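Next up, model.txt (compact mmCIF, C-alpha atoms and all ligand atoms):
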# COMPACT_ATOMS: atom_id res chain seq x y z
CA MET W 1 88.82 74.82 96.45
CA THR W 2 89.29 77.96 94.35
CA PRO W 3 87.26 80.80 95.86
CA ALA W 4 84.34 81.99 93.74
CA ILE W 5 85.50 85.56 94.25
CA SER W 6 88.80 86.78 95.61
CA PHE W 7 89.63 90.40 96.35
CA GLN W 8 93.24 90.90 97.39
CA GLN W 9 94.28 94.28 98.76
CA VAL W 10 92.05 96.11 96.30
CA GLY W 11 92.42 99.87 96.15
CA LYS W 12 90.64 102.34 93.89
CA THR W 13 91.30 106.04 93.60
CA PHE W 14 89.15 108.18 91.31
CA GLN W 15 90.66 111.35 89.88
CA THR W 16 88.04 114.05 90.30
CA PRO W 17 88.13 117.78 89.56
CA ARG W 18 88.43 118.28 93.29
CA GLY W 19 91.39 115.96 93.61
CA PRO W 20 91.81 112.23 94.18
CA LEU W 21 89.01 110.32 95.87
CA GLN W 22 89.88 107.02 97.49
CA ALA W 23 86.81 104.85 97.02
CA LEU W 24 88.46 101.56 98.10
CA ASP W 25 91.33 101.12 100.50
CA GLY W 26 92.94 97.69 100.81
CA VAL W 27 89.87 95.48 100.53
CA SER W 28 90.69 91.79 100.98
CA LEU W 29 87.94 89.23 100.92
CA ASP W 30 87.47 85.66 99.70
CA ILE W 31 84.00 84.33 98.96
CA ALA W 32 83.83 80.55 98.76
CA GLN W 33 81.94 78.66 96.08
CA GLY W 34 78.34 78.12 97.15
CA GLU W 35 78.19 81.00 99.62
CA PHE W 36 75.31 83.48 99.83
CA PHE W 37 77.32 86.54 100.76
CA GLY W 38 76.13 90.03 101.71
CA LEU W 39 78.10 93.20 101.06
CA LEU W 40 76.60 96.02 103.10
CA GLY W 41 77.49 99.64 103.66
CA PRO W 42 76.05 103.14 103.53
CA ASN W 43 75.72 105.16 100.31
CA GLY W 44 79.16 105.85 98.87
CA ALA W 45 80.90 103.10 100.87
CA GLY W 46 82.37 101.58 97.68
CA LYS W 47 80.08 98.58 97.05
CA THR W 48 79.31 99.36 93.40
CA THR W 49 82.92 100.34 92.76
CA LEU W 50 84.04 96.92 94.03
CA ILE W 51 81.46 95.19 91.83
CA SER W 52 82.49 97.28 88.78
CA ILE W 53 86.07 96.14 89.26
CA LEU W 54 84.87 92.54 89.57
CA ALA W 55 82.92 92.94 86.32
CA GLY W 56 85.90 94.49 84.51
CA LEU W 57 84.01 97.77 84.06
CA ALA W 58 86.52 99.67 86.19
CA ARG W 59 90.19 99.04 86.89
CA ALA W 60 91.53 98.71 90.40
CA THR W 61 94.31 101.17 91.19
CA SER W 62 96.04 98.41 93.17
CA GLY W 63 95.48 94.82 94.19
CA ARG W 64 94.17 91.76 92.44
CA VAL W 65 90.68 90.38 91.78
CA GLU W 66 89.76 86.88 90.63
CA VAL W 67 86.50 85.19 89.70
CA MET W 68 86.63 81.37 89.83
CA GLY W 69 90.41 81.65 89.64
CA HIS W 70 90.38 83.98 86.60
CA GLU W 71 92.07 87.33 87.10
CA VAL W 72 89.61 89.97 85.93
CA VAL W 73 92.00 91.99 83.73
CA ALA W 74 94.46 89.41 82.36
CA ASP W 75 91.76 86.75 81.94
CA TYR W 76 88.79 89.04 81.30
CA ALA W 77 86.70 86.81 79.04
CA ALA W 78 86.79 83.78 81.33
CA ALA W 79 86.18 85.91 84.43
CA ARG W 80 83.25 87.70 82.81
CA ARG W 81 81.71 84.45 81.62
CA SER W 82 81.74 83.14 85.19
CA LEU W 83 79.73 86.14 86.36
CA GLY W 84 76.11 87.20 86.12
CA ILE W 85 75.74 90.78 87.23
CA VAL W 86 72.54 92.62 88.00
CA PRO W 87 73.63 96.26 87.91
CA GLN W 88 72.35 98.94 90.25
CA GLU W 89 71.44 101.24 87.34
CA LEU W 90 68.65 100.31 84.93
CA VAL W 91 70.18 100.14 81.45
CA PHE W 92 68.46 98.49 78.49
CA ASP W 93 67.58 98.92 74.85
CA PRO W 94 63.98 100.19 74.63
CA PHE W 95 63.31 98.77 71.16
CA PHE W 96 63.70 95.08 71.88
CA SER W 97 61.13 92.84 73.48
CA VAL W 98 61.89 91.04 76.72
CA ARG W 99 62.54 87.75 74.93
CA GLU W 100 64.72 89.42 72.29
CA THR W 101 66.74 91.13 74.99
CA LEU W 102 67.40 87.77 76.62
CA ARG W 103 68.24 86.09 73.30
CA ILE W 104 70.69 88.85 72.43
CA GLN W 105 72.34 88.47 75.82
CA SER W 106 72.59 84.69 75.25
CA GLY W 107 74.25 85.39 71.91
CA TYR W 108 76.72 87.72 73.57
CA PHE W 109 77.90 84.82 75.71
CA GLY W 110 77.83 82.41 72.77
CA VAL W 111 74.97 80.34 74.23
CA LYS W 112 72.77 78.84 71.51
CA GLY W 113 69.33 77.19 71.73
CA ASN W 114 68.69 78.80 75.10
CA ASP W 115 64.89 79.18 74.86
CA ALA W 116 64.01 76.54 77.44
CA TRP W 117 66.16 78.27 80.07
CA ILE W 118 64.86 81.69 78.97
CA ASP W 119 61.31 80.39 79.52
CA GLU W 120 62.26 79.13 82.95
CA LEU W 121 63.77 82.52 83.81
CA LEU W 122 60.67 84.36 82.58
CA GLU W 123 58.48 82.03 84.62
CA GLY W 124 60.63 82.19 87.74
CA LEU W 125 60.74 85.98 87.66
CA GLY W 126 57.06 86.50 86.92
CA LEU W 127 57.70 87.82 83.40
CA ALA W 128 56.04 85.07 81.37
CA ASP W 129 53.17 87.30 80.23
CA LYS W 130 55.58 90.12 79.27
CA ALA W 131 57.85 88.07 77.00
CA GLY W 132 56.62 89.87 73.89
CA ALA W 133 56.42 93.36 75.38
CA ASN W 134 58.97 95.99 74.41
CA MET W 135 61.31 97.05 77.17
CA ARG W 136 59.98 100.62 77.11
CA GLN W 137 56.47 99.33 77.87
CA LEU W 138 57.55 97.84 81.18
CA SER W 139 57.26 99.40 84.60
CA GLY W 140 60.41 100.11 86.60
CA GLY W 141 60.10 96.97 88.72
CA MET W 142 59.54 94.80 85.63
CA LYS W 143 62.63 96.26 83.96
CA ARG W 144 64.58 95.26 87.02
CA ARG W 145 63.25 91.71 86.69
CA VAL W 146 64.53 91.65 83.10
CA LEU W 147 67.96 92.79 84.31
CA VAL W 148 67.97 89.84 86.70
CA ALA W 149 66.98 87.45 83.90
CA GLN W 150 69.66 88.98 81.67
CA ALA W 151 72.33 88.36 84.28
CA LEU W 152 71.34 84.70 84.59
CA VAL W 153 70.89 83.89 80.93
CA HIS W 154 74.27 82.13 80.55
CA ARG W 155 73.89 80.23 83.86
CA PRO W 156 76.93 81.81 85.48
CA PRO W 157 78.39 80.05 88.54
CA VAL W 158 78.69 83.41 90.33
CA ILE W 159 75.73 85.76 90.62
CA VAL W 160 76.21 89.35 91.73
CA LEU W 161 73.18 91.43 92.64
CA ASP W 162 73.72 95.16 93.24
CA GLU W 163 70.56 96.30 95.03
CA PRO W 164 68.25 94.09 92.99
CA THR W 165 65.18 94.92 95.06
CA ALA W 166 65.33 98.72 94.94
CA GLY W 167 61.86 99.82 93.80
CA VAL W 168 60.56 96.27 93.60
CA ASP W 169 57.19 95.31 95.09
CA VAL W 170 56.76 92.86 97.95
CA GLU W 171 55.50 90.02 95.80
CA LEU W 172 58.35 90.20 93.33
CA ARG W 173 60.88 90.41 96.13
CA GLN W 174 59.58 87.12 97.41
CA THR W 175 59.58 85.57 93.93
CA LEU W 176 63.07 86.89 93.27
CA TRP W 177 64.48 85.60 96.55
CA GLN W 178 62.89 82.20 96.09
CA PHE W 179 64.46 81.99 92.66
CA VAL W 180 67.90 83.19 93.76
CA ALA W 181 67.81 80.94 96.85
CA ARG W 182 67.06 77.99 94.58
CA LEU W 183 70.03 78.83 92.35
CA ASN W 184 72.18 79.09 95.49
CA ARG W 185 70.99 75.67 96.69
CA GLU W 186 71.91 74.30 93.26
CA GLY W 187 75.47 75.51 93.85
CA HIS W 188 75.62 79.04 92.47
CA THR W 189 77.55 81.55 94.55
CA VAL W 190 75.61 84.74 95.31
CA LEU W 191 77.03 88.15 96.20
CA LEU W 192 74.34 90.61 97.21
CA THR W 193 74.35 94.28 98.12
CA THR W 194 71.22 95.71 99.60
CA HIS W 195 70.03 98.45 101.89
CA TYR W 196 67.19 96.17 103.05
CA LEU W 197 68.99 94.68 105.98
CA GLU W 198 66.21 92.26 106.86
CA GLU W 199 66.76 90.68 103.43
CA ALA W 200 70.47 90.35 104.08
CA GLU W 201 69.78 88.91 107.53
CA ALA W 202 67.38 86.34 106.13
CA LEU W 203 69.47 85.30 103.12
CA CYS W 204 73.18 85.75 103.70
CA GLY W 205 75.33 83.22 105.52
CA ARG W 206 78.18 85.72 105.77
CA ILE W 207 78.31 89.47 105.62
CA ALA W 208 80.98 92.10 105.05
CA MET W 209 80.35 95.70 105.96
CA LEU W 210 82.16 98.42 104.05
CA LYS W 211 82.65 101.92 105.37
CA GLN W 212 84.53 104.55 103.38
CA GLY W 213 86.20 101.92 101.25
CA ARG W 214 87.35 99.65 104.06
CA ILE W 215 85.94 96.44 105.48
CA VAL W 216 84.90 97.19 109.05
CA ALA W 217 83.11 93.91 109.80
CA LEU W 218 83.29 90.46 108.25
CA ASP W 219 81.66 87.46 109.85
CA ARG W 220 78.91 84.91 109.76
CA THR W 221 75.54 86.63 109.98
CA SER W 222 74.69 84.69 113.13
CA ALA W 223 77.94 85.80 114.78
CA LEU W 224 77.31 89.45 113.91
CA LEU W 225 73.84 89.20 115.41
CA GLY W 226 75.04 87.25 118.43
CA ALA W 227 77.67 89.85 119.30
CA ALA W 228 75.14 92.69 119.28
CA SER W 229 73.77 94.21 122.43
CA SER W 230 71.06 91.73 123.06
CA THR W 231 67.78 93.42 123.87
CA MET W 232 65.79 96.16 122.15
CA LEU W 233 62.76 97.96 123.47
CA ARG W 234 60.48 99.02 120.60
CA PHE W 235 57.38 101.18 120.88
CA LYS W 236 55.27 103.77 119.13
CA THR W 237 54.73 107.24 120.46
CA ASP W 238 53.61 110.69 119.35
CA ASP W 239 55.55 112.36 122.15
CA ALA W 240 59.12 113.58 122.10
CA LEU W 241 61.58 111.44 124.03
CA PRO W 242 63.76 113.04 126.73
CA ALA W 243 66.91 114.37 125.03
CA ASP W 244 69.35 111.81 126.44
CA LEU W 245 67.10 108.90 125.44
CA ALA W 246 66.46 110.40 122.00
CA ALA W 247 70.21 110.59 121.44
CA GLN W 248 70.63 106.82 121.85
CA ALA W 249 67.35 105.74 120.26
CA ARG W 250 66.77 104.63 116.69
CA ILE W 251 63.69 106.56 115.58
CA THR W 252 61.73 105.74 112.41
CA GLY W 253 58.65 107.97 112.19
CA ARG W 254 56.54 107.12 115.22
CA ILE W 255 58.57 104.04 116.12
CA ALA W 256 61.34 104.34 118.66
CA GLN W 257 63.86 101.64 119.55
CA VAL W 258 66.11 101.83 122.55
CA LYS W 259 68.81 99.39 123.56
CA ALA W 260 68.45 97.67 126.92
CA ARG W 261 71.08 95.49 128.59
CA ASP W 262 68.77 93.43 130.78
CA ALA W 263 65.36 93.33 132.44
CA ALA W 264 66.31 95.90 135.08
CA ASP W 265 67.37 98.24 132.30
CA VAL W 266 63.99 97.75 130.60
CA GLU W 267 62.17 98.64 133.83
CA GLN W 268 64.30 101.72 134.29
CA LEU W 269 63.72 102.88 130.71
CA LEU W 270 59.97 102.51 131.10
CA ALA W 271 60.04 104.41 134.39
CA ARG W 272 61.92 107.25 132.74
CA LEU W 273 59.48 107.38 129.84
CA ARG W 274 56.55 107.47 132.29
CA ALA W 275 58.22 110.21 134.34
CA ALA W 276 58.77 112.26 131.17
CA GLY W 277 55.08 111.88 130.26
CA VAL W 278 55.82 109.91 127.08
CA ARG W 279 52.79 107.81 126.14
CA VAL W 280 53.93 104.43 124.88
CA GLU W 281 51.90 102.24 122.50
CA ASP W 282 52.54 98.77 121.05
CA LEU W 283 55.46 98.03 123.31
CA GLU W 284 57.66 95.12 122.26
CA ILE W 285 60.83 93.72 123.67
CA GLY W 286 62.97 91.91 121.12
CA ARG W 287 66.43 90.97 120.04
CA ALA W 288 68.69 93.32 118.14
CA ASP W 289 68.43 92.80 114.38
CA LEU W 290 70.97 93.33 111.63
CA GLU W 291 69.98 96.99 111.30
CA ASP W 292 70.90 97.56 114.94
CA VAL W 293 74.23 95.80 114.38
CA PHE W 294 74.85 97.80 111.20
CA LEU W 295 74.17 101.13 112.90
CA GLU W 296 76.35 100.20 115.84
CA ILE W 297 79.26 99.30 113.55
CA MET W 298 78.84 102.31 111.26
CA GLN W 299 78.71 104.66 114.22
CA GLY W 300 82.09 103.26 115.19
CA GLY W 301 80.91 101.48 118.32
CA ARG W 302 82.53 98.27 117.19
CA ALA W 303 84.72 97.25 114.30
N1 LIG M 1 83.25 107.25 88.21
C1 LIG M 1 83.48 107.85 89.38
N2 LIG M 1 84.21 108.99 89.47
C2 LIG M 1 84.47 109.58 90.63
N3 LIG M 1 84.03 109.14 91.82
C3 LIG M 1 83.29 108.02 91.83
C4 LIG M 1 82.97 107.32 90.62
N4 LIG M 1 82.21 106.24 90.93
C5 LIG M 1 82.06 106.26 92.27
N5 LIG M 1 82.71 107.33 92.82
C6 LIG M 1 82.80 107.65 94.25
O1 LIG M 1 83.29 106.50 94.93
C7 LIG M 1 82.65 106.34 96.18
C8 LIG M 1 81.99 104.99 96.25
O2 LIG M 1 80.88 104.95 95.36
P1 LIG M 1 80.04 103.62 95.12
O3 LIG M 1 79.11 103.88 94.00
O4 LIG M 1 80.97 102.48 95.01
O5 LIG M 1 79.22 103.51 96.49
P2 LIG M 1 78.11 102.46 96.93
O6 LIG M 1 78.62 101.81 98.17
O7 LIG M 1 77.74 101.59 95.80
O8 LIG M 1 76.89 103.40 97.33
P3 LIG M 1 75.27 103.22 97.13
O9 LIG M 1 74.80 102.49 98.34
O10 LIG M 1 74.81 104.63 97.14
O11 LIG M 1 75.04 102.53 95.85
C9 LIG M 1 81.67 107.51 96.30
O12 LIG M 1 82.30 108.53 97.04
C10 LIG M 1 81.46 107.93 94.88
O13 LIG M 1 81.15 109.31 94.79
MG MG M 2 76.03 101.26 94.76
Target format structure tokens, applied to this file:
Amino acid sequence: MTPAISFQQVGKTFQTPRGPLQALDGVSLDIAQGEFFGLLGPNGAGKTTLISILAGLARATSGRVEVMGHEVVADYAAARRSLGIVPQELVFDPFFSVRETLRIQSGYFGVKGNDAWIDELLEGLGLADKAGANMRQLSGGMKRRVLVAQALVHRPPVIVLDEPTAGVDVELRQTLWQFVARLNREGHTVLLTTHYLEEAEALCGRIAMLKQGRIVALDRTSALLGAASSTMLRFKTDDALPADLAAQARITGRIAQVKARDAADVEQLLARLRAAGVRVEDLEIGRADLEDVFLEIMQGGRA
């Protein structure tokens, strides 16, 4: 079957006042129809650049990109029609209402009599009571919901979400994911970038990790998790960890996480914390999650 998305040896070099900047370097990746695929990577890794090329908003310096078999430059209109893109940046016309915005977008894709689907989108994204509100009257999170609705208005087979949940509250995230998961079950392909790795872990069947414009990991989510160092010791503390432990720990505010190979390792870690006078609260022993895997790969431990 034709892949939903195919990137073949894609390179992108930006000319900047300080010289050329290589944002993408030989990215090759096929996403099959029906996949829920995650594209992860730190700030500046090249995720949005790759999506811009897919959307025909930027030109690759080298390589070839296809959406549902349509090459994105030579066959732009067909490629673009196959795609629904939720951009990372909030862009909209402040003078139109939510419903008008969605009708205009339908018109852009030549879809007529789309109100039933627009209503379903408004409902599914928790916007039903805002249909008549002007875009400028919406909060940031609501504007993002409209961007999602706008991307889906022509029922594209391929849905691309570039950090759709940045600045979005917990309830909407759940609504949004339920809605997108439903579309995926109905056969739509989903490509997602996010910095919320627990979302990617929960939703994506396969994940690619980009680092400085190159793919450094590409596998099924379960395989990425399975290959990670298995056990993590998590606890809260107000005390400083001994320097060598601090160097290998992942610390988020008061929460520290340290990798442990096995039970003996756990015992030894606890003994060292006790010896250093570190008071440990809420101790948990758990499996490594996608964030652990991500950090390990980005720090070059594994590729
Ligand atoms: N129009 C542009 N001109 C010059 N450099 C650019 C341009 N767009 C992006 N870049 C550079 O390309 C690299 C990749 O940027 P990109 O926006 O693709 O990253 P990203 O992975 O989406 O990051 P984030 O997680 O922050 O959204 C960065 O170094 C960025 O500064
Ligand atoms: Mg980006």
_Cut-off 8 Å around (70.6, 99.1, 117.1) with all atoms listed in the file: residues as a ChimeraX atom specification_ = /W:229,232,250,257-259,288-296
*Find the residues near range 270-277 of chain W: any atom within 8 Å, counting all atoms listed in the file, skip ones fewer than 4 places away on the same chain, and give them as a list in words.*
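Selected residues are Leu241, Pro242 and Val266 of chain W.
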_Distance criterion (only C-alpha atoms): nearest to Glu89 in chain W out of W:Leu147, W:Leu50, W:Leu191, W:Ala217_ =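 Among the listed residues, W:Leu147 lies closest to Glu89 in chain W.
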Could you list, with a cut-off of 9 Å and counting only C-alpha atoms and all ligand atoms, the residues of chain W near ligand LIG 1 (chain M), each shown with its nearest atom pair and the distance in Å rounded to one decimal, rows sorted by chain and ascending number, as CSV?
residue,atom,partner,partner_atom,distance
W:Lys12,CA,M:LIG1,O1,8.5
W:Thr13,CA,M:LIG1,N3,8.1
W:Phe14,CA,M:LIG1,C2,4.9
W:Gln15,CA,M:LIG1,C2,6.5
W:Thr16,CA,M:LIG1,C2,5.7
W:Pro20,CA,M:LIG1,C2,8.6
W:Leu21,CA,M:LIG1,N3,6.5
W:Gln22,CA,M:LIG1,O1,7.1
W:Ala23,CA,M:LIG1,O1,4.4
W:Leu24,CA,M:LIG1,C8,7.6
W:Leu40,CA,M:LIG1,O6,7.9
W:Gly41,CA,M:LIG1,O6,6.0
W:Pro42,CA,M:LIG1,O9,5.4
W:Asn43,CA,M:LIG1,O10,3.3
W:Gly44,CA,M:LIG1,O5,3.3
W:Ala45,CA,M:LIG1,O6,3.8
W:Gly46,CA,M:LIG1,O4,3.1
W:Lys47,CA,M:LIG1,O6,3.7
W:Thr48,CA,M:LIG1,O7,3.6
W:Thr49,CA,M:LIG1,O4,3.7
W:Leu50,CA,M:LIG1,O4,6.4
W:Ile51,CA,M:LIG1,O4,8.0
W:Ser52,CA,M:LIG1,O4,8.3
W:Ala58,CA,M:LIG1,N1,8.5
W:Gln88,CA,M:LIG1,O11,7.2
W:Asp162,CA,M:LIG1,O11,7.9
W:Glu163,CA,M:LIG1,O11,7.7
W:Thr193,CA,M:LIG1,O9,8.2
W:Thr194,CA,M:LIG1,O9,7.8
W:His195,CA,M:LIG1,O9,7.2
W:Leu210,CA,M:LIG1,O6,7.7
W:Lys211,CA,M:LIG1,O6,8.3
W:Gln212,CA,M:LIG1,C8,7.6
W:Gly213,CA,M:LIG1,C8,7.2
Could you turn the residues from that selection into a file that holds C-alpha atoms, as a compact mmCIF listing (two decimals), keeping the file's coordinate frame?
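Written output follows (again.txt):
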# COMPACT_ATOMS: atom_id res chain seq x y z
CA LYS W 12 90.64 102.34 93.89
CA THR W 13 91.30 106.04 93.60
CA PHE W 14 89.15 108.18 91.31
CA GLN W 15 90.66 111.35 89.88
CA THR W 16 88.04 114.05 90.30
CA PRO W 20 91.81 112.23 94.18
CA LEU W 21 89.01 110.32 95.87
CA GLN W 22 89.88 107.02 97.49
CA ALA W 23 86.81 104.85 97.02
CA LEU W 24 88.46 101.56 98.10
CA LEU W 40 76.60 96.02 103.10
CA GLY W 41 77.49 99.64 103.66
CA PRO W 42 76.05 103.14 103.53
CA ASN W 43 75.72 105.16 100.31
CA GLY W 44 79.16 105.85 98.87
CA ALA W 45 80.90 103.10 100.87
CA GLY W 46 82.37 101.58 97.68
CA LYS W 47 80.08 98.58 97.05
CA THR W 48 79.31 99.36 93.40
CA THR W 49 82.92 100.34 92.76
CA LEU W 50 84.04 96.92 94.03
CA ILE W 51 81.46 95.19 91.83
CA SER W 52 82.49 97.28 88.78
CA ALA W 58 86.52 99.67 86.19
CA GLN W 88 72.35 98.94 90.25
CA ASP W 162 73.72 95.16 93.24
CA GLU W 163 70.56 96.30 95.03
CA THR W 193 74.35 94.28 98.12
CA THR W 194 71.22 95.71 99.60
CA HIS W 195 70.03 98.45 101.89
CA LEU W 210 82.16 98.42 104.05
CA LYS W 211 82.65 101.92 105.37
CA GLN W 212 84.53 104.55 103.38
CA GLY W 213 86.20 101.92 101.25
_Residue nearest ligand MG 2 (chain M) among W:Ile5, W:Leu127, W:Leu39, W:Ala78 (counting all atoms listed in the file)_ =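 Comparing W:Ile5, W:Leu127, W:Leu39, W:Ala78 against ligand MG 2 (chain M), the winner is W:Leu39.
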*asked:* Calculated over all atoms listed in the file, which of the candidates W:Glu120, W:Pro87, W:Phe95, W:Ala247 has the smallest distance to ligand MG 2 (chain M)?
replied: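 With all atoms listed in the file as the atom set, the closest residue is W:Pro87.
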*Counting all atoms listed in the file, which of W:Ile297, W:Ala60, W:Ala228, W:Leu161 gets nearest to ligand MG 2 (chain M)?*
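The shortest atom-to-atom distance to ligand MG 2 (chain M) comes from W:Leu161.
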*In terms of the shortest atom-to-atom distance over all atoms listed in the file, which of W:Ala243, W:Ala249, W:Val86, W:Ala133 is closest to ligand MG 2 (chain M)?*
W:Val86
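Between CA of Leu225 in chain W and CA of Arg185 in chain W the separation is 23.3 Å.
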Within 12 Å of Asp282 in chain W, counting all atoms listed in the file, which residues qualify if same-chain residues fewer than 4 places away don't, as a short mmCIF file (atom, residue, chain, number, x, y, z; two decimals) with C-alpha atoms, keeping the file's coordinate frame?
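Output (part-v5.cif):
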data_model
loop_
_atom_site.label_atom_id
_atom_site.label_comp_id
_atom_site.auth_asym_id
_atom_site.auth_seq_id
_atom_site.Cartn_x
_atom_site.Cartn_y
_atom_site.Cartn_z
CA LEU W 233 62.76 97.96 123.47
CA ARG W 234 60.48 99.02 120.60
CA PHE W 235 57.38 101.18 120.88
CA LYS W 236 55.27 103.77 119.13
CA THR W 237 54.73 107.24 120.46
CA ARG W 254 56.54 107.12 115.22
CA ILE W 255 58.57 104.04 116.12
CA ALA W 256 61.34 104.34 118.66
CA GLN W 257 63.86 101.64 119.55
#
_For a quick check of understanding, using all atoms listed in the file, which of W:Ala55, W:Val72, W:Ala240, W:Ala208 has the smallest distance to Gly84 in chain W?_
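Result for the nearest residue to Gly84 in chain W: W:Ala55.
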*Name all residues at most 10 Å from range 151-153 of chain W (count only C-alpha atoms; drop same-chain ones fewer than 5 positions away) and give them as a list in words.*
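Near range 151-153 of chain W, the qualifying residues are Leu83, Gly84, Ile85, Val86, Pro87, Leu102, Arg103, Ile104, Gln105, Ser106, Gly107, Phe109, Val111, Asn114, Asp115, Trp117, Ile118, Leu121, Arg145, Val146, Val158, Ile159, Val160, Leu161, Val180 and Leu183 of chain W.
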*CA of Arg99 in chain W and CA of Val190 in chain W are how many Å apart?*
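Calculated distance between CA of Arg99 in chain W and CA of Val190 in chain W is 24.4 Å.
For the atom pair formed by CA of Met135 in chain W and CA of Phe96 in chain W, the distance is 6.1 Å, given to one decimal.
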